[in-house]
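Q: File name run03.txt; file contents compact mmCIF, C-alpha atoms; full text below.
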# COMPACT_ATOMS: atom_id res chain seq x y z
CA MET A 1 99.26 54.88 119.07
CA LYS A 2 102.30 57.16 119.36
CA ALA A 3 103.13 59.63 116.58
CA ASN A 4 106.00 58.21 114.54
CA ILE A 5 105.94 60.98 111.99
CA ILE A 6 105.59 64.69 112.66
CA THR A 7 104.69 66.98 109.77
CA ILE A 8 105.21 70.71 110.14
CA SER A 9 103.46 73.14 107.83
CA ARG A 10 104.42 76.76 108.32
CA GLU A 11 103.97 80.35 107.27
CA PHE A 12 107.10 81.80 105.67
CA GLY A 13 109.27 83.46 108.32
CA SER A 14 107.44 81.91 111.28
CA GLY A 15 110.39 79.73 112.32
CA GLY A 16 108.66 76.45 111.42
CA ARG A 17 111.75 75.01 109.76
CA GLU A 18 113.92 75.79 112.79
CA ILE A 19 111.27 74.22 115.04
CA GLY A 20 111.33 71.09 112.86
CA GLN A 21 115.13 70.83 113.04
CA LYS A 22 115.28 71.37 116.81
CA LEU A 23 112.40 68.95 117.36
CA ALA A 24 114.08 66.20 115.34
CA ALA A 25 117.33 66.75 117.27
CA LYS A 26 115.45 66.64 120.58
CA LEU A 27 113.63 63.44 119.68
CA GLY A 28 116.74 61.89 118.08
CA ILE A 29 114.99 61.21 114.76
CA PRO A 30 115.82 62.36 111.20
CA PHE A 31 114.70 65.72 109.83
CA TYR A 32 113.97 65.24 106.13
CA ASP A 33 114.54 68.20 103.88
CA LYS A 34 117.66 67.92 101.71
CA GLU A 35 117.03 64.17 101.33
CA ILE A 36 113.64 64.88 99.78
CA ILE A 37 115.11 67.42 97.37
CA ALA A 38 118.07 65.20 96.37
CA GLU A 39 115.97 62.08 95.92
CA THR A 40 113.25 63.92 93.98
CA ALA A 41 115.90 65.52 91.74
CA TYR A 42 117.36 62.07 91.11
CA LYS A 43 113.95 60.52 90.32
CA THR A 44 112.78 63.32 88.02
CA GLY A 45 116.07 64.35 86.45
CA PHE A 46 115.28 67.97 87.42
CA ALA A 47 118.00 70.18 88.93
CA GLU A 48 118.07 70.27 92.74
CA GLU A 49 117.63 74.05 92.70
CA TYR A 50 114.43 73.66 90.62
CA VAL A 51 113.08 70.97 92.97
CA LYS A 52 113.90 73.14 95.98
CA LYS A 53 112.04 76.12 94.55
CA GLN A 54 109.12 74.37 92.86
CA GLY A 55 108.60 71.52 95.35
CA GLU A 56 106.18 73.61 97.36
CA TYR A 57 104.52 75.53 94.54
CA ALA A 58 101.85 74.45 92.11
CA SER A 59 102.01 75.26 88.43
CA ALA A 60 99.00 77.56 88.40
CA ARG A 61 98.92 80.71 90.46
CA ASN A 62 95.22 81.52 90.31
CA TRP A 63 91.89 80.02 89.25
CA PHE A 64 92.15 81.54 85.78
CA GLU A 65 95.55 80.00 85.09
CA TYR A 66 94.30 76.79 86.76
CA SER A 67 91.36 76.59 84.36
CA PHE A 68 93.71 76.61 81.39
CA SER A 69 96.61 74.71 82.98
CA ALA A 70 98.24 71.58 81.63
CA ARG A 71 96.31 69.57 84.23
CA ASN A 72 93.10 70.24 82.32
CA ASN A 73 94.19 69.73 78.75
CA SER A 74 95.12 66.68 76.74
CA TYR A 75 98.83 67.41 76.34
CA GLY A 76 99.88 65.38 79.39
CA MET A 77 101.12 66.21 82.86
CA SER A 78 102.73 69.57 83.66
CA PRO A 79 106.34 69.51 84.96
CA GLU A 80 105.08 70.76 88.33
CA ASP A 81 102.46 68.00 88.63
CA TYR A 82 105.11 65.44 87.65
CA LEU A 83 107.48 66.88 90.28
CA TRP A 84 104.72 66.75 92.88
CA SER A 85 103.87 63.11 92.18
CA LYS A 86 107.52 62.06 92.35
CA GLN A 87 108.09 64.08 95.51
CA ARG A 88 105.06 62.29 96.97
CA GLU A 89 106.65 58.92 96.18
CA VAL A 90 109.90 60.04 97.84
CA ILE A 91 108.03 61.05 101.01
CA LEU A 92 106.09 57.77 101.10
CA ASP A 93 109.38 55.85 100.72
CA LEU A 94 111.28 57.88 103.33
CA VAL A 95 108.67 57.38 106.05
CA LYS A 96 109.03 53.62 105.65
CA LYS A 97 112.48 53.96 107.25
CA GLY A 98 110.96 54.94 110.59
CA PRO A 99 110.11 57.96 112.77
CA CYS A 100 110.98 61.38 111.31
CA VAL A 101 110.08 65.07 111.02
CA ILE A 102 109.04 66.47 107.63
CA VAL A 103 108.55 70.18 106.95
CA GLY A 104 106.14 71.40 104.25
CA ARG A 105 105.45 69.69 100.91
CA CYS A 106 101.83 68.78 101.83
CA ALA A 107 103.24 65.83 103.83
CA ASP A 108 100.25 66.00 106.20
CA TYR A 109 97.92 65.37 103.26
CA ILE A 110 100.18 62.77 101.60
CA LEU A 111 100.28 60.75 104.84
CA ARG A 112 96.61 61.27 105.73
CA ASP A 113 95.76 57.55 105.74
CA ARG A 114 98.23 56.75 108.53
CA ASN A 115 97.14 56.99 112.15
CA ASP A 116 100.60 57.69 113.58
CA VAL A 117 101.16 61.15 112.10
CA LEU A 118 101.07 64.32 114.21
CA ASN A 119 100.26 67.33 112.03
CA VAL A 120 101.43 70.75 113.19
CA PHE A 121 101.01 74.23 111.70
CA ILE A 122 103.30 77.09 112.77
CA HIS A 123 102.44 80.74 112.23
CA ALA A 124 103.43 84.15 113.59
CA ASP A 125 102.18 87.67 113.14
CA TYR A 126 103.25 89.74 110.18
CA ASP A 127 105.68 92.08 111.97
CA LYS A 128 107.52 89.27 113.71
CA ARG A 129 107.89 87.34 110.47
CA ILE A 130 109.22 90.41 108.66
CA LYS A 131 111.77 90.87 111.47
CA ARG A 132 112.84 87.23 111.31
CA ILE A 133 113.14 87.22 107.51
CA CYS A 134 115.32 90.36 107.65
CA GLU A 135 117.58 88.64 110.17
CA VAL A 136 117.77 85.32 108.31
CA TYR A 137 117.80 86.45 104.67
CA LYS A 138 119.58 89.79 105.12
CA GLU A 139 117.59 91.41 102.30
CA PRO A 140 115.25 93.85 104.01
CA GLU A 141 114.29 95.63 100.79
CA HIS A 142 112.63 92.50 99.36
CA THR A 143 111.22 91.15 102.60
CA GLU A 144 107.56 92.24 102.44
CA LYS A 145 107.09 91.19 98.84
CA MET A 146 108.90 87.90 99.51
CA LEU A 147 106.67 87.11 102.49
CA LYS A 148 103.40 87.79 100.67
CA ASP A 149 104.55 86.00 97.56
CA ILE A 150 105.78 82.83 99.25
CA ASP A 151 102.77 82.50 101.58
CA LYS A 152 100.43 82.97 98.62
CA LYS A 153 102.25 80.28 96.65
CA ARG A 154 102.28 77.82 99.58
CA SER A 155 98.61 78.40 100.21
CA PHE A 156 97.71 77.96 96.55
CA ASN A 157 99.91 74.88 96.24
CA TYR A 158 98.18 73.27 99.23
CA LYS A 159 94.72 74.03 97.85
CA TYR A 160 95.74 72.87 94.36
CA TYR A 161 97.01 69.46 95.44
CA THR A 162 94.86 68.73 98.49
CA GLU A 163 91.59 70.64 97.91
CA GLN A 164 91.90 71.79 101.51
CA THR A 165 92.60 75.12 103.18
CA TRP A 166 96.18 75.78 104.29
CA GLY A 167 96.39 76.95 107.90
CA LYS A 168 92.80 76.04 108.80
CA SER A 169 93.06 74.83 112.39
CA GLN A 170 90.79 71.84 111.81
CA ASN A 171 93.39 70.31 109.43
CA TYR A 172 96.01 69.99 112.17
CA ASP A 173 96.39 68.34 115.57
CA ILE A 174 98.14 71.45 116.86
CA THR A 175 98.70 74.95 115.57
CA LEU A 176 101.08 77.27 117.41
CA ASP A 177 101.92 80.97 117.22
CA ALA A 178 105.72 80.84 117.30
CA GLY A 179 105.78 84.63 117.62
CA THR A 180 103.99 84.75 120.99
CA LEU A 181 105.11 81.35 122.34
CA GLY A 182 108.72 81.36 121.09
CA ILE A 183 110.59 78.74 119.06
CA ASP A 184 111.84 76.68 122.02
CA GLN A 185 108.46 76.44 123.70
CA CYS A 186 106.92 75.25 120.43
CA VAL A 187 109.59 72.54 120.25
CA ASP A 188 108.85 71.49 123.84
CA ILE A 189 105.08 71.32 123.31
CA ILE A 190 105.36 69.19 120.17
CA ALA A 191 108.01 66.92 121.76
CA GLU A 192 105.76 66.33 124.78
CA VAL A 193 102.77 65.48 122.57
CA ALA A 194 104.92 63.12 120.50
CA LYS A 195 105.51 61.00 123.62
CA LYS A 196 101.79 60.37 124.17
CA ASP A 197 99.27 58.29 122.25
CA LEU A 198 97.24 59.89 119.47
CA ASP A 199 93.63 58.81 119.11
CA LYS A 200 93.37 58.58 115.31
CA MET B 201 104.54 88.72 130.41
CA LYS B 202 102.59 85.71 131.74
CA ALA B 203 99.05 85.03 130.52
CA ASN B 204 96.63 86.18 133.20
CA ILE B 205 93.57 85.45 131.14
CA ILE B 206 92.92 82.38 129.02
CA THR B 207 90.13 82.51 126.44
CA ILE B 208 88.87 79.27 124.94
CA SER B 209 86.87 79.27 121.72
CA ARG B 210 85.54 75.87 120.68
CA GLU B 211 83.60 73.86 118.18
CA PHE B 212 80.37 72.49 119.62
CA GLY B 213 80.95 69.01 121.08
CA SER B 214 84.76 69.27 121.06
CA GLY B 215 85.10 69.34 124.84
CA GLY B 216 86.30 72.94 124.97
CA ARG B 217 84.09 73.80 127.91
CA GLU B 218 85.31 70.81 129.95
CA ILE B 219 88.91 71.76 129.08
CA GLY B 220 88.22 75.31 130.33
CA GLN B 221 86.76 74.04 133.63
CA LYS B 222 89.60 71.57 134.26
CA LEU B 223 92.21 74.15 133.30
CA ALA B 224 90.79 76.74 135.72
CA ALA B 225 90.72 74.11 138.50
CA LYS B 226 94.31 73.10 137.74
CA LEU B 227 95.54 76.70 137.74
CA GLY B 228 93.40 77.61 140.78
CA ILE B 229 91.71 80.53 139.00
CA PRO B 230 88.01 81.24 138.32
CA PHE B 231 86.16 79.81 135.32
CA TYR B 232 83.64 82.41 134.20
CA ASP B 233 80.46 81.15 132.62
CA LYS B 234 77.40 81.41 134.87
CA GLU B 235 78.72 84.69 136.28
CA ILE B 236 78.72 86.21 132.79
CA ILE B 237 75.16 85.02 132.16
CA ALA B 238 73.84 86.17 135.55
CA GLU B 239 75.53 89.58 135.39
CA THR B 240 74.49 90.18 131.76
CA ALA B 241 70.91 89.20 132.60
CA TYR B 242 70.98 91.66 135.51
CA LYS B 243 72.42 94.49 133.38
CA THR B 244 70.05 94.00 130.44
CA GLY B 245 66.92 92.86 132.24
CA PHE B 246 66.73 89.86 129.88
CA ALA B 247 65.96 86.38 131.24
CA GLU B 248 69.02 84.25 132.07
CA GLU B 249 67.82 81.56 129.67
CA TYR B 250 67.68 84.10 126.83
CA VAL B 251 71.18 85.40 127.66
CA LYS B 252 72.50 81.84 127.81
CA LYS B 253 71.08 81.01 124.39
CA GLN B 254 71.65 84.30 122.58
CA GLY B 255 74.93 85.30 124.21
CA GLU B 256 76.93 83.53 121.53
CA TYR B 257 74.66 84.18 118.56
CA ALA B 258 74.26 87.27 116.43
CA SER B 259 70.87 88.56 115.35
CA ALA B 260 71.33 87.96 111.64
CA ARG B 261 71.92 84.50 110.27
CA ASN B 262 73.19 85.29 106.78
CA TRP B 263 74.43 88.19 104.68
CA PHE B 264 70.95 88.86 103.32
CA GLU B 265 69.41 89.17 106.75
CA TYR B 266 72.50 91.12 107.85
CA SER B 267 71.97 93.66 105.07
CA PHE B 268 68.49 94.41 106.31
CA SER B 269 69.11 93.92 110.03
CA ALA B 270 68.38 96.45 112.76
CA ARG B 271 72.09 97.27 112.86
CA ASN B 272 71.81 98.94 109.48
CA ASN B 273 68.61 100.87 109.87
CA SER B 274 67.62 103.89 111.85
CA TYR B 275 65.31 102.18 114.35
CA GLY B 276 68.03 101.68 116.96
CA MET B 277 70.01 98.74 118.27
CA SER B 278 68.72 95.17 117.96
CA PRO B 279 68.17 93.22 121.23
CA GLU B 280 71.07 90.91 120.25
CA ASP B 281 73.47 93.80 119.64
CA TYR B 282 72.41 95.32 122.96
CA LEU B 283 72.98 91.97 124.68
CA TRP B 284 76.39 91.66 123.04
CA SER B 285 77.50 95.12 124.12
CA LYS B 286 76.38 94.54 127.72
CA GLN B 287 78.01 91.10 127.78
CA ARG B 288 81.20 92.76 126.55
CA GLU B 289 81.03 95.20 129.50
CA VAL B 290 80.54 92.30 131.91
CA ILE B 291 83.61 90.50 130.51
CA LEU B 292 85.74 93.67 130.68
CA ASP B 293 84.65 94.15 134.33
CA LEU B 294 85.21 90.51 135.33
CA VAL B 295 88.78 90.38 134.05
CA LYS B 296 89.64 93.35 136.26
CA LYS B 297 89.29 90.98 139.23
CA GLY B 298 92.37 89.00 138.17
CA PRO B 299 93.43 85.83 136.32
CA CYS B 300 90.61 83.68 134.90
CA VAL B 301 89.44 81.34 132.15
CA ILE B 302 86.61 82.45 129.81
CA VAL B 303 84.95 80.15 127.30
CA GLY B 304 83.39 81.53 124.10
CA ARG B 305 81.58 84.87 123.74
CA CYS B 306 84.29 86.38 121.47
CA ALA B 307 86.35 87.06 124.62
CA ASP B 308 89.56 86.74 122.57
CA TYR B 309 88.41 89.65 120.41
CA ILE B 310 86.98 91.69 123.27
CA LEU B 311 90.32 91.48 125.12
CA ARG B 312 92.51 91.94 122.02
CA ASP B 313 94.22 95.10 123.33
CA ARG B 314 95.69 93.31 126.37
CA ASN B 315 99.06 91.59 126.09
CA ASP B 316 98.44 89.04 128.86
CA VAL B 317 95.74 86.97 127.16
CA LEU B 318 96.35 83.46 125.85
CA ASN B 319 93.86 82.62 123.10
CA VAL B 320 93.03 78.96 122.48
CA PHE B 321 90.75 77.24 119.96
CA ILE B 322 89.57 73.66 120.53
CA HIS B 323 88.19 71.45 117.77
CA ALA B 324 87.63 67.76 117.05
CA ASP B 325 86.56 65.79 114.04
CA TYR B 326 82.90 65.41 113.21
CA ASP B 327 82.44 61.78 114.33
CA LYS B 328 84.06 62.33 117.71
CA ARG B 329 81.94 65.40 118.34
CA ILE B 330 78.77 63.53 117.40
CA LYS B 331 79.74 60.78 119.86
CA ARG B 332 80.44 63.27 122.62
CA ILE B 333 77.21 65.20 122.06
CA CYS B 334 75.21 61.94 122.21
CA GLU B 335 76.87 61.10 125.53
CA VAL B 336 76.49 64.57 127.05
CA TYR B 337 73.08 65.65 125.70
CA LYS B 338 71.44 62.22 125.47
CA GLU B 339 69.45 63.19 122.39
CA PRO B 340 70.98 61.22 119.53
CA GLU B 341 68.15 61.97 117.13
CA HIS B 342 68.85 65.71 117.14
CA THR B 343 72.62 65.50 117.36
CA GLU B 344 73.72 66.07 113.76
CA LYS B 345 71.37 68.97 113.18
CA MET B 346 72.31 70.47 116.54
CA LEU B 347 76.03 70.28 115.77
CA LYS B 348 75.78 71.91 112.35
CA ASP B 349 73.35 74.53 113.58
CA ILE B 350 75.34 75.60 116.64
CA ASP B 351 78.72 75.70 114.85
CA LYS B 352 77.18 77.77 112.07
CA LYS B 353 75.71 80.20 114.57
CA ARG B 354 78.97 80.51 116.52
CA SER B 355 80.92 81.05 113.36
CA PHE B 356 78.50 83.67 112.08
CA ASN B 357 78.37 85.40 115.45
CA TYR B 358 82.17 85.66 115.54
CA LYS B 359 82.30 87.08 112.02
CA TYR B 360 79.41 89.45 112.73
CA TYR B 361 80.95 91.02 115.81
CA THR B 362 84.68 90.73 115.09
CA GLU B 363 84.98 90.77 111.26
CA GLN B 364 87.38 87.84 111.66
CA THR B 365 87.20 84.16 110.81
CA TRP B 366 86.28 81.77 113.61
CA GLY B 367 88.72 78.85 113.92
CA LYS B 368 91.40 80.36 111.65
CA SER B 369 94.65 79.28 113.28
CA GLN B 370 96.27 82.70 112.90
CA ASN B 371 93.71 84.20 115.32
CA TYR B 372 94.89 82.03 118.23
CA ASP B 373 98.11 81.36 120.15
CA ILE B 374 97.26 77.66 120.20
CA THR B 375 94.67 75.46 118.52
CA LEU B 376 94.28 71.85 119.61
CA ASP B 377 92.42 68.82 118.28
CA ALA B 378 90.85 67.50 121.48
CA GLY B 379 89.71 64.40 119.59
CA THR B 380 93.21 63.17 118.76
CA LEU B 381 95.05 64.64 121.78
CA GLY B 382 92.43 64.00 124.47
CA ILE B 383 90.87 66.40 126.97
CA ASP B 384 93.48 65.94 129.71
CA GLN B 385 96.47 66.45 127.43
CA CYS B 386 94.89 69.67 126.10
CA VAL B 387 94.52 70.88 129.71
CA ASP B 388 98.18 70.02 130.42
CA ILE B 389 99.48 71.80 127.31
CA ILE B 390 97.56 75.00 128.02
CA ALA B 391 98.50 74.93 131.73
CA GLU B 392 102.20 74.58 130.84
CA VAL B 393 102.02 77.48 128.38
CA ALA B 394 100.22 79.63 130.97
CA LYS B 395 103.27 79.35 133.24
CA LYS B 396 105.60 80.88 130.64
CA ASP B 397 105.92 84.40 129.28
CA LEU B 398 103.96 85.39 126.18
CA ASP B 399 105.68 87.73 123.73
CA LYS B 400 102.77 90.04 122.81
Any chance you could give the structure as structure tokens?
A:
Amino acid sequence: MKANIITISREFGSGGREIGQKLAAKLGIPFYDKEIIAETAYKTGFAEEYVKKQGEYASARNWFEYSFSARNNSYGMSPEDYLWSKQREVILDLVKKGPCVIVGRCADYILRDRNDVLNVFIHADYDKRIKRICEVYKEPEHTEKMLKDIDKKRSFNYKYYTEQTWGKSQNYDITLDAGTLGIDQCVDIIAEVAKKDLDK
Amino acid sequence: MKANIITISREFGSGGREIGQKLAAKLGIPFYDKEIIAETAYKTGFAEEYVKKQGEYASARNWFEYSFSARNNSYGMSPEDYLWSKQREVILDLVKKGPCVIVGRCADYILRDRNDVLNVFIHADYDKRIKRICEVYKEPEHTEKMLKDIDKKRSFNYKYYTEQTWGKSQNYDITLDAGTLGIDQCVDIIAEVAKKDLDK
């Protein structure tokens, strides 16, 4: 069966988001990003800026905090867990509309029961990501801290909600080093694979 | 710069070796496997069968054994470390001859200082590997144990000699799930990438 949905997980600064956008344009299918934020904000009543920032981060930042987090007490669901569950519903609804590209948000895990999902992970080496972040975000003084911080949060968020390891090659159909291969070649590889049948 | 050398690391039973052979045939370059064994056997004086079996395994099987292994005492080098160092020399000599494909043997790590090496990791899910091993090795009763045992040894060997994690996507330019993508598509993807420049 052909891949109708392509999920792209990515290291911060690797160019994964740009790859997702270009891939969707090349395949002529929607790239869901702002739609997920807007719809999740609408469903939860949270501000779009909060959804944008927290949508890929779990509430707890380490095992200690996790042990004492809202998830494990009797006071109900934490705001982050509530956001995650609503965001999950939004993703499950959006994919009903047809083929699409989704970046981040544990979409690979959320859609794990479907056999028409191609899961991709994009990474690049540290120096190339720093260079890209400086170019894109224009704040070189915060770049290194930003990179470490965001990757740590994404990794923890993935582990927290999926119990799996973020970036472990066995979790994906393809992983690509966008630093050595280049953005456009990554787009071409994924687009080619999306035309063929997946044996899932 | 184009990739002159392609290294393929692989989970046992994933089809990585077949991908390496087909890729080399498609690109019209040598596939080094028996040459490495024969040359290492010649250099060390060890039997070819021993080199074949031990060439991808370290001497110690866990951290406890590692702590007390020959590597850490004053009685000289262990036979496995000696084999590894000679095999490394053989690989470094072979690649001087020109473009080639090498499967396993930590070749990605051994050649890490070159900027014309494309590093690939091939994996597949457990059930598909079991099926493939049954077909190839015709010993279904030993299959599961064999799979777990060999992967564990390869993983430990990689860690032991490279201090890096085997199968971690960030260590490779490309990782592919040969179970969902199929052997031939993996060959095509790698062959296409090998025609382009790598930014290393």
Q: First superpose chain B onto chain A using a least-squares fit over all Cα atoms taken in order; then report the RMSD in Å.
A: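 Fitting chain B to chain A over paired C-alpha atoms yields 0.0 Å.
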Q: List as a count of residues only: which residues have an atom within 9 Å of (74.4, 82.3, 121.3), counting only C-alpha atoms?
A: 14
Q: Kindly determine which residues of chain A lie within 8 Å of chain B, considering all atoms listed in the file, and give the answer as a ChimeraX atom specification.
A: /A:123-125,167-170,172-177,179-182,189,193,197-200
Q: Taking all atoms listed in the file into account, which of A:Ile6, A:Tyr126, A:Ser85, A:Gly45 comes nearest Lys148 (chain A)?
A: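 Of A:Ile6, A:Tyr126, A:Ser85, A:Gly45, the one nearest Lys148 (chain A), counting all atoms listed in the file, is A:Tyr126.
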Q: Separation of CA of Val290 (chain B) and CA of Lys234 (chain B), in Å?
A: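 A separation of 11.7 Å between them.
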Q: Within 7 Å of Val317 (chain B), counting only C-alpha atoms, which residues show up once you throw out same-chain ones fewer than 4 positions away? Write them as a list in words, please.
A: Ala203, Asn204, Ile205 and Ile206 of chain B
